[in-house]
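Visitor: Pasting start32.cif below, which is mmCIF, C-alpha atoms and all ligand atoms.
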data_run
#
loop_
_atom_site.label_atom_id
_atom_site.label_comp_id
_atom_site.auth_asym_id
_atom_site.auth_seq_id
_atom_site.Cartn_x
_atom_site.Cartn_y
_atom_site.Cartn_z
CA MET S 1 2.53 -20.41 11.67
CA THR S 2 2.84 -17.55 9.22
CA THR S 3 6.37 -16.40 8.75
CA TYR S 4 6.21 -13.47 6.31
CA PRO S 5 9.34 -14.42 4.33
CA ALA S 6 9.04 -11.39 2.03
CA LEU S 7 8.82 -8.80 4.80
CA HIS S 8 12.46 -7.74 4.70
CA ASP S 9 12.43 -7.23 0.91
CA ASN S 10 9.06 -5.50 1.04
CA ILE S 11 10.34 -2.97 3.58
CA GLN S 12 13.37 -2.26 1.41
CA GLN S 13 11.21 -1.86 -1.67
CA ILE S 14 8.93 0.59 0.14
CA GLN S 15 11.88 2.58 1.45
CA THR S 16 13.24 2.84 -2.07
CA THR S 17 9.88 4.04 -3.37
CA ILE S 18 9.68 6.60 -0.51
CA ALA S 19 13.18 7.87 -1.31
CA GLU S 20 12.39 8.20 -5.02
CA ALA S 21 9.14 10.05 -4.36
CA CYS S 22 11.05 12.40 -2.03
CA VAL S 23 13.63 13.14 -4.72
CA ARG S 24 10.86 13.97 -7.20
CA SER S 25 9.20 16.35 -4.75
CA ASP S 26 12.33 17.83 -3.16
CA ARG S 27 11.58 16.40 0.26
CA LYS S 28 13.61 14.38 2.77
CA PRO S 29 12.78 10.72 3.45
CA ASP S 30 12.89 11.33 7.21
CA GLU S 31 9.85 13.60 6.82
CA VAL S 32 7.81 10.50 5.97
CA THR S 33 6.83 8.01 8.68
CA LEU S 34 5.89 4.51 7.58
CA VAL S 35 2.96 3.08 9.53
CA ALA S 36 2.69 -0.67 8.99
CA VAL S 37 -0.99 -1.56 8.87
CA SER S 38 -1.15 -4.88 10.70
CA LYS S 39 -4.93 -5.40 10.61
CA ASN S 40 -5.82 -9.03 9.84
CA HIS S 41 -2.24 -10.09 10.63
CA PRO S 42 -1.12 -11.68 13.91
CA ALA S 43 1.10 -10.31 16.67
CA SER S 44 3.97 -12.37 15.20
CA ALA S 45 3.80 -10.29 11.99
CA VAL S 46 4.11 -7.13 14.10
CA THR S 47 7.09 -8.39 16.10
CA LYS S 48 8.81 -9.55 12.92
CA ALA S 49 8.39 -6.08 11.37
CA TYR S 50 9.60 -4.57 14.65
CA GLU S 51 12.76 -6.69 14.46
CA LEU S 52 13.29 -5.22 10.99
CA GLY S 53 13.10 -1.69 12.37
CA ILE S 54 9.43 -0.72 11.99
CA ARG S 55 8.19 1.27 15.00
CA HIS S 56 4.71 2.42 13.95
CA PHE S 57 1.72 0.15 13.46
CA GLY S 58 -1.86 0.80 12.43
CA GLU S 59 -5.03 -1.07 13.31
CA ASN S 60 -8.58 -0.41 12.17
CA ARG S 61 -10.70 -2.52 14.53
CA VAL S 62 -10.86 -2.02 18.26
CA GLU S 63 -11.56 -5.66 19.17
CA GLU S 64 -8.63 -6.92 17.14
CA ALA S 65 -6.33 -4.29 18.63
CA GLN S 66 -7.45 -5.11 22.17
CA GLN S 67 -6.13 -8.64 21.62
CA LYS S 68 -3.05 -7.89 19.58
CA ILE S 69 -1.53 -4.84 21.28
CA PRO S 70 -1.07 -6.49 24.71
CA GLN S 71 0.33 -9.61 22.97
CA VAL S 72 2.92 -7.53 21.14
CA THR S 73 3.80 -5.60 24.30
CA SER S 74 4.40 -8.78 26.24
CA ILE S 75 6.45 -10.50 23.50
CA LEU S 76 8.70 -7.41 23.26
CA ALA S 77 8.96 -7.07 27.05
CA GLN S 78 10.53 -10.53 27.22
CA SER S 79 13.59 -9.04 25.55
CA ASN S 80 13.30 -5.66 27.32
CA GLN S 81 12.17 -3.84 24.21
CA PRO S 82 9.74 -0.94 24.40
CA PRO S 83 6.40 -1.18 22.62
CA PRO S 84 5.95 0.47 19.21
CA GLU S 85 3.59 3.36 18.56
CA TRP S 86 0.04 2.34 17.69
CA HIS S 87 -2.21 4.28 15.33
CA MET S 88 -5.97 3.84 15.18
CA ILE S 89 -6.97 4.26 11.54
CA GLY S 90 -10.50 2.83 11.44
CA HIS S 91 -13.89 4.29 12.30
CA VAL S 92 -14.43 4.45 16.08
CA GLN S 93 -17.92 3.69 17.29
CA SER S 94 -18.98 5.76 20.26
CA ARG S 95 -19.25 2.80 22.61
CA LYS S 96 -15.67 1.76 21.75
CA SER S 97 -14.13 5.15 22.39
CA LYS S 98 -13.08 4.38 25.92
CA ALA S 99 -10.89 1.50 24.76
CA VAL S 100 -9.09 3.52 22.08
CA ILE S 101 -7.88 6.18 24.53
CA SER S 102 -5.72 3.78 26.47
CA LEU S 103 -4.62 1.63 23.52
CA PHE S 104 -3.49 4.08 20.86
CA ASN S 105 -0.80 6.75 20.68
CA ALA S 106 -2.75 8.56 17.96
CA ILE S 107 -6.28 8.33 16.61
CA HIS S 108 -6.38 9.23 12.91
CA SER S 109 -10.05 8.61 12.37
CA VAL S 110 -11.80 11.34 14.35
CA ASP S 111 -14.69 11.99 11.98
CA SER S 112 -17.28 13.93 14.00
CA VAL S 113 -17.57 16.62 16.66
CA LYS S 114 -19.46 14.11 18.76
CA LEU S 115 -16.62 11.58 18.72
CA ALA S 116 -14.07 14.32 19.49
CA ARG S 117 -16.17 15.45 22.45
CA ARG S 118 -16.38 11.92 23.77
CA LEU S 119 -12.63 11.36 23.41
CA SER S 120 -11.94 14.68 25.11
CA SER S 121 -14.06 13.81 28.11
CA LEU S 122 -12.59 10.29 28.39
CA ALA S 123 -9.05 11.68 28.14
CA CYS S 124 -9.92 14.14 30.92
CA GLN S 125 -11.11 11.30 33.12
CA VAL S 126 -7.80 9.48 32.85
CA ASP S 127 -5.82 12.72 32.93
CA THR S 128 -4.09 12.27 29.59
CA THR S 129 -3.76 14.31 26.40
CA GLN S 130 -4.85 12.29 23.40
CA PRO S 131 -3.22 13.06 20.02
CA ILE S 132 -5.84 13.00 17.27
CA LEU S 133 -6.12 13.60 13.54
CA LEU S 134 -9.28 14.68 11.79
CA GLN S 135 -10.38 12.40 8.98
CA PHE S 136 -11.70 14.13 5.88
CA ASN S 137 -13.73 12.79 3.05
CA VAL S 138 -12.39 14.81 0.15
CA SER S 139 -13.80 12.63 -2.62
CA GLY S 140 -17.46 12.93 -1.66
CA GLU S 141 -17.87 9.12 -1.88
CA ALA S 142 -20.80 8.08 0.29
CA SER S 143 -18.92 4.97 1.48
CA LYS S 144 -16.17 7.00 3.17
CA TYR S 145 -16.13 8.29 6.72
CA GLY S 146 -14.83 11.72 7.58
CA PHE S 147 -15.79 15.35 7.78
CA SER S 148 -17.12 16.31 4.41
CA ALA S 149 -14.53 18.48 2.71
CA HIS S 150 -15.98 18.10 -0.70
CA ASN S 151 -16.59 21.58 -2.15
CA TRP S 152 -15.20 23.55 0.79
CA ARG S 153 -13.55 26.02 -1.57
CA GLN S 154 -16.53 26.47 -3.87
CA SER S 155 -19.13 26.98 -1.16
CA ASP S 156 -18.90 29.52 1.66
CA ALA S 157 -21.67 27.71 3.51
CA VAL S 158 -19.76 24.40 3.44
CA LYS S 159 -16.58 26.13 4.53
CA SER S 160 -18.11 28.05 7.41
CA ALA S 161 -19.94 24.95 8.69
CA LEU S 162 -16.68 22.99 8.57
CA TRP S 163 -14.67 25.79 10.20
CA HIS S 164 -17.26 25.98 12.95
CA GLU S 165 -16.90 22.25 13.66
CA ILE S 166 -13.14 22.53 13.82
CA GLU S 167 -13.35 25.55 16.09
CA GLN S 168 -15.43 23.50 18.53
CA ILE S 169 -12.88 20.67 18.49
CA CYS S 170 -10.00 23.10 19.05
CA GLU S 171 -11.67 24.27 22.25
CA MET S 172 -11.96 20.78 23.72
CA PRO S 173 -9.54 20.01 26.54
CA ASN S 174 -7.16 17.04 26.62
CA LEU S 175 -6.99 16.60 22.84
CA TYR S 176 -3.95 17.45 20.73
CA LEU S 177 -4.91 18.06 17.12
CA GLN S 178 -1.88 16.78 15.27
CA GLY S 179 -3.06 16.85 11.68
CA LEU S 180 -5.39 15.56 9.01
CA MET S 181 -6.05 12.18 7.45
CA THR S 182 -7.76 11.01 4.29
CA MET S 183 -8.27 7.97 2.09
CA ALA S 184 -8.30 8.53 -1.66
CA PRO S 185 -10.72 6.47 -3.73
CA TYR S 186 -9.19 3.28 -5.08
CA LEU S 187 -8.26 4.10 -8.68
CA PRO S 188 -6.43 1.67 -10.98
CA ASN S 189 -4.17 4.50 -12.14
CA PRO S 190 -2.61 5.89 -8.94
CA GLU S 191 -1.81 9.18 -10.66
CA ALA S 192 -5.54 9.89 -10.67
CA THR S 193 -5.51 10.07 -6.84
CA ARG S 194 -3.30 13.17 -6.85
CA PRO S 195 -6.10 15.79 -6.67
CA TYR S 196 -7.49 14.20 -3.47
CA PHE S 197 -4.14 14.40 -1.70
CA ALA S 198 -3.55 17.93 -2.97
CA GLN S 199 -6.95 18.90 -1.56
CA LEU S 200 -6.10 17.61 1.89
CA ARG S 201 -2.84 19.56 1.85
CA GLN S 202 -4.64 22.73 0.73
CA LEU S 203 -7.22 22.24 3.46
CA ARG S 204 -4.40 21.85 5.99
CA ASP S 205 -2.80 25.09 4.75
CA ALA S 206 -6.11 26.96 5.00
CA LEU S 207 -6.74 25.71 8.54
CA ARG S 208 -3.21 26.62 9.55
CA ALA S 209 -3.77 30.13 8.29
CA ASP S 210 -7.13 30.60 10.05
CA PHE S 211 -6.51 28.77 13.34
CA ASP S 212 -3.58 28.75 15.67
CA LEU S 213 -2.60 25.20 14.70
CA THR S 214 0.59 23.53 13.50
CA LEU S 215 -1.09 20.49 11.94
CA SER S 216 2.24 18.86 11.25
CA THR S 217 0.86 15.46 10.23
CA LEU S 218 -0.73 14.65 6.88
CA SER S 219 -1.73 10.98 7.06
CA MET S 220 -2.38 9.92 3.47
CA GLY S 221 -1.29 7.21 1.05
CA MET S 222 -1.77 3.44 1.05
CA THR S 223 -0.29 0.55 -0.97
CA ASN S 224 -1.78 1.70 -4.25
CA ASP S 225 -1.04 5.40 -4.06
CA TYR S 226 1.60 6.26 -1.44
CA ALA S 227 4.19 7.54 -3.92
CA ILE S 228 1.68 10.11 -5.17
CA ALA S 229 0.65 11.00 -1.60
CA ILE S 230 4.29 11.67 -0.69
CA GLU S 231 4.71 13.93 -3.72
CA GLU S 232 1.67 15.83 -2.43
CA GLY S 233 3.05 16.25 1.08
CA ALA S 234 2.18 13.12 3.11
CA THR S 235 4.16 12.95 6.36
CA LEU S 236 2.74 9.59 7.34
CA ILE S 237 1.80 6.74 5.01
CA ARG S 238 -0.31 3.74 6.01
CA ILE S 239 0.82 0.57 4.27
CA GLY S 240 -0.67 -2.90 4.70
CA THR S 241 -0.67 -5.07 1.58
CA ALA S 242 2.70 -3.96 0.18
CA LEU S 243 4.32 -5.03 3.47
CA PHE S 244 2.47 -8.07 4.74
CA GLY S 245 0.81 -9.24 1.53
CA GLU S 246 -2.90 -10.01 1.21
CA PRO S 247 -4.25 -11.10 4.59
C1 LIG D 301 -6.30 -1.09 5.47
C2 LIG D 301 -6.00 0.34 5.53
C3 LIG D 301 -4.79 0.86 5.03
C4 LIG D 301 -3.76 0.00 4.32
O1 LIG D 301 -4.22 -0.38 3.06
P1 LIG D 301 -3.30 -1.15 1.99
O2 LIG D 301 -3.92 -0.82 0.69
O3 LIG D 301 -3.36 -2.59 2.34
O4 LIG D 301 -1.92 -0.60 2.12
C5 LIG D 301 -4.57 2.22 5.16
N1 LIG D 301 -5.47 3.03 5.75
C6 LIG D 301 -6.62 2.59 6.24
C7 LIG D 301 -7.55 3.55 6.89
C8 LIG D 301 -6.93 1.23 6.15
O5 LIG D 301 -8.10 0.79 6.64
#
Please express what this file holds, its structure, as structure tokens.
Ligand SMILES: *Cc1c(COP(=O)(O)O)cnc(C)c1O
Guide:
Amino acid sequence: MTTYPALHDNIQQIQTTIAEACVRSDRKPDEVTLVAVSKNHPASAVTKAYELGIRHFGENRVEEAQQKIPQVTSILAQSNQPPPEWHMIGHVQSRKSKAVISLFNAIHSVDSVKLARRLSSLACQVDTTQPILLQFNVSGEASKYGFSAHNWRQSDAVKSALWHEIEQICEMPNLYLQGLMTMAPYLPNPEATRPYFAQLRQLRDALRADFDLTLSTLSMGMTNDYAIAIEEGATLIRIGTALFGEP
């Protein structure tokens, strides 16, 4: 059985890094939520992190989450503890969208109008309001999911097409658009990721100005680059490897 002996120290190390990044950017550490990415790690890793105070977990595959989330809920229920909040951070295939509505508190990876429409109609059916984030591809890498936000400032055509998509999503019932999410490219020098995070923040500011939206969440930053993401305004960081080690 895996025991994750370094988890306690890893959490402390991450909290120190968060605090230092907040000092550098004149922010408060409580503006930054740590989401522990538990993909490829068992329910026991989640409950151990929970014991150490972590209350937000991220998963990227529906099948894995369908197994793990009920396991975690039942382990915690044995000691009368409420479940944590679960964040879906991976691409959602259309045929899996029904499952994600009931499993996840927030879906970070809404990457098309079509998926948003499907989630809206499923949320209607079960009479719930589903918090979502829109995932943006700000780097233009072909391998990344997300609404293309590459060049939105340089090209009016790109911007108006994007704004039109967001307008459609805003009109959909039973969705709550909480914010934006992105993944920076993996770059050996984390400092080089800064422009991607700055772009997501600028996009958020532009959408705030043009739509009646609060967009309070900026989900950005992973093991390699979260300090930079925080300096650029991240309110939620998604950390796997720095917490649980390599799966
Ligand atoms: C796996 C994953 C993470 C965590 O990555 P680490 O580099 O292990 O911290 C964050 N976000 C998404 C979308 C992921 O798939």
Visitor: Counting all atoms listed in the file, which residues sit no farther than 9 Å from the position (-14.6, 5.0, 21.5) in the file's frame? I'd like them as JSON, numbers by chain.
Guide: {"S": [62, 92, 93, 94, 95, 96, 97, 98, 99, 100, 101, 115, 118, 119, 122]}
Visitor: Please extract the residues at most 9 Å from ligand LIG 301 (chain D), counting all atoms listed in the file, and provide them as a ChimeraX atom specification, using the chain letters and residue numbers of this document.
Guide: /S:35-39,58-61,88-91,108-109,181-183,186,219-226,237-247
Visitor: For the contact check between segment 28-125 of chain S and segment 10-20 of chain S, emit one row per residue of segment 28-125 of chain S within 10 Å, containing the shortest atom pair and the distance in Å rounded to one decimal, counting all atoms listed in the file, chain then rising number order, as JSON lines.
Guide:
{"residue": "S:Lys28", "atom": "CA", "partner": "S:Ala19", "partner_atom": "CA", "distance": 7.7}
{"residue": "S:Pro29", "atom": "CA", "partner": "S:Ala19", "partner_atom": "CA", "distance": 5.6}
{"residue": "S:Asp30", "atom": "CA", "partner": "S:Ala19", "partner_atom": "CA", "distance": 9.2}
{"residue": "S:Val32", "atom": "CA", "partner": "S:Ile18", "partner_atom": "CA", "distance": 7.8}
{"residue": "S:Thr33", "atom": "CA", "partner": "S:Ile18", "partner_atom": "CA", "distance": 9.7}
{"residue": "S:Leu34", "atom": "CA", "partner": "S:Gln15", "partner_atom": "CA", "distance": 8.8}
{"residue": "S:Ala36", "atom": "CA", "partner": "S:Ile11", "partner_atom": "CA", "distance": 9.6}
{"residue": "S:Ala49", "atom": "CA", "partner": "S:Ile11", "partner_atom": "CA", "distance": 8.6}
{"residue": "S:Leu52", "atom": "CA", "partner": "S:Ile11", "partner_atom": "CA", "distance": 8.3}
{"residue": "S:Gly53", "atom": "CA", "partner": "S:Ile11", "partner_atom": "CA", "distance": 9.3}
{"residue": "S:Ile54", "atom": "CA", "partner": "S:Ile11", "partner_atom": "CA", "distance": 8.8}
Visitor: Measuring atom to atom with all atoms listed in the file, identify which of S:Pro173, S:Gly140, S:Gly146, S:Pro82 is nearest to Ala123 of chain S.
Guide: S:Pro173
Visitor: Which one is closest to Thr129 of chain S: S:Asn105, S:Gln202, S:Asn174, S:Asn151? Count all atoms listed in the file.
Guide: S:Asn174
Visitor: So what do you get for atom CA of Phe104 of chain S versus atom CA of Pro83 of chain S, distance-wise?
Guide: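 Taking atom CA of Phe104 of chain S as the start and atom CA of Pro83 of chain S as the end point, the length is 11.3 Å.
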Visitor: Find, counting all atoms listed in the file, the residue in S:Glu31, S:Glu165, S:Glu141, S:Asp156 that gets nearest to Arg117 of chain S.
Guide: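 Using all atoms listed in the file, Arg117 of chain S sits closest to S:Glu165.
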Visitor: In terms of the shortest atom-to-atom distance over all atoms listed in the file, which of S:Ile132, S:Asp210, S:Gln125, S:Arg204 is closest to Ser160 of chain S?
Guide: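 Nearest to Ser160 of chain S: S:Asp210.
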Visitor: Around (-7.0, 15.3, 23.5) in the file's own coordinates, what residues are found within 6 Å if you use only C-alpha atoms, given back as a PyMOL selection string?
Guide: chain S and resi 120+129-131+174-176
Visitor: So, with all atoms listed in the file as the atoms that count, which of S:Asn137, S:Ser143, S:Ser112, S:Ser25 lies closest to Leu203 of chain S?
Guide: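 Going through S:Asn137, S:Ser143, S:Ser112, S:Ser25 one by one, the smallest distance to Leu203 of chain S is for S:Asn137.
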Visitor: Find, counting only C-alpha atoms, the residue in S:Lys159, S:Pro188, S:Ile228, S:Cys170 that gets nearest to Thr214 of chain S.
Guide: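 Ranked by minimum distance to Thr214 of chain S, first place goes to S:Cys170.
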Visitor: N, CA and C atoms are what I want for segment 52-81 of chain S; can you complete it accordingly and write them as a tab-separated table (two decimals), in the frame of the given file?
Guide:
chain	number	residue	atom	x	y	z
S	52	LEU	N	12.71	-5.80	12.21
S	52	LEU	CA	13.29	-5.22	10.99
S	52	LEU	C	13.28	-3.70	11.04
S	53	GLY	N	12.95	-3.14	12.19
S	53	GLY	CA	13.10	-1.69	12.37
S	53	GLY	C	11.84	-0.86	12.32
S	54	ILE	N	10.69	-1.49	12.05
S	54	ILE	CA	9.43	-0.72	11.99
S	54	ILE	C	8.97	-0.40	13.42
S	55	ARG	N	8.58	0.85	13.65
S	55	ARG	CA	8.19	1.27	15.00
S	55	ARG	C	6.78	1.85	15.08
S	56	HIS	N	6.07	1.89	13.95
S	56	HIS	CA	4.71	2.42	13.95
S	56	HIS	C	3.78	1.39	13.31
S	57	PHE	N	2.67	1.11	13.99
S	57	PHE	CA	1.72	0.15	13.46
S	57	PHE	C	0.31	0.73	13.50
S	58	GLY	N	-0.49	0.31	12.52
S	58	GLY	CA	-1.86	0.80	12.43
S	58	GLY	C	-2.86	-0.33	12.50
S	59	GLU	N	-3.94	-0.09	13.21
S	59	GLU	CA	-5.03	-1.07	13.31
S	59	GLU	C	-6.34	-0.35	13.01
S	60	ASN	N	-7.31	-1.08	12.47
S	60	ASN	CA	-8.58	-0.41	12.17
S	60	ASN	C	-9.77	-0.95	12.94
S	61	ARG	N	-9.57	-2.01	13.73
S	61	ARG	CA	-10.70	-2.52	14.53
S	61	ARG	C	-10.31	-2.64	15.99
S	62	VAL	N	-11.17	-2.08	16.84
S	62	VAL	CA	-10.86	-2.02	18.26
S	62	VAL	C	-10.69	-3.41	18.87
S	63	GLU	N	-11.62	-4.32	18.56
S	63	GLU	CA	-11.56	-5.66	19.17
S	63	GLU	C	-10.24	-6.36	18.84
S	64	GLU	N	-9.87	-6.26	17.57
S	64	GLU	CA	-8.63	-6.92	17.14
S	64	GLU	C	-7.42	-6.30	17.85
S	65	ALA	N	-7.43	-4.98	17.98
S	65	ALA	CA	-6.33	-4.29	18.63
S	65	ALA	C	-6.26	-4.62	20.12
S	66	GLN	N	-7.43	-4.79	20.73
S	66	GLN	CA	-7.45	-5.11	22.17
S	66	GLN	C	-6.78	-6.45	22.46
S	67	GLN	N	-6.83	-7.36	21.48
S	67	GLN	CA	-6.13	-8.64	21.62
S	67	GLN	C	-4.65	-8.48	21.31
S	68	LYS	N	-4.40	-7.87	20.15
S	68	LYS	CA	-3.05	-7.89	19.58
S	68	LYS	C	-2.06	-7.00	20.32
S	69	ILE	N	-2.48	-5.80	20.70
S	69	ILE	CA	-1.53	-4.84	21.28
S	69	ILE	C	-0.90	-5.39	22.57
S	70	PRO	N	-1.70	-5.92	23.52
S	70	PRO	CA	-1.07	-6.49	24.71
S	70	PRO	C	-0.16	-7.69	24.39
S	71	GLN	N	-0.54	-8.49	23.37
S	71	GLN	CA	0.33	-9.61	22.97
S	71	GLN	C	1.69	-9.10	22.51
S	72	VAL	N	1.66	-8.08	21.66
S	72	VAL	CA	2.92	-7.53	21.14
S	72	VAL	C	3.75	-6.95	22.28
S	73	THR	N	3.08	-6.20	23.17
S	73	THR	CA	3.80	-5.60	24.30
S	73	THR	C	4.49	-6.67	25.13
S	74	SER	N	3.79	-7.78	25.36
S	74	SER	CA	4.40	-8.78	26.24
S	74	SER	C	5.50	-9.57	25.54
S	75	ILE	N	5.36	-9.82	24.24
S	75	ILE	CA	6.45	-10.50	23.50
S	75	ILE	C	7.71	-9.62	23.55
S	76	LEU	N	7.54	-8.32	23.29
S	76	LEU	CA	8.70	-7.41	23.26
S	76	LEU	C	9.31	-7.25	24.65
S	77	ALA	N	8.46	-7.26	25.68
S	77	ALA	CA	8.96	-7.07	27.05
S	77	ALA	C	9.88	-8.20	27.46
S	78	GLN	N	9.65	-9.39	26.88
S	78	GLN	CA	10.53	-10.53	27.22
S	78	GLN	C	11.98	-10.25	26.86
S	79	SER	N	12.20	-9.40	25.86
S	79	SER	CA	13.59	-9.04	25.55
S	79	SER	C	13.85	-7.56	25.85
S	80	ASN	N	13.10	-7.04	26.85
S	80	ASN	CA	13.30	-5.66	27.32
S	80	ASN	C	13.20	-4.60	26.23
S	81	GLN	N	12.32	-4.84	25.26
S	81	GLN	CA	12.17	-3.84	24.21
S	81	GLN	C	10.88	-3.06	24.41
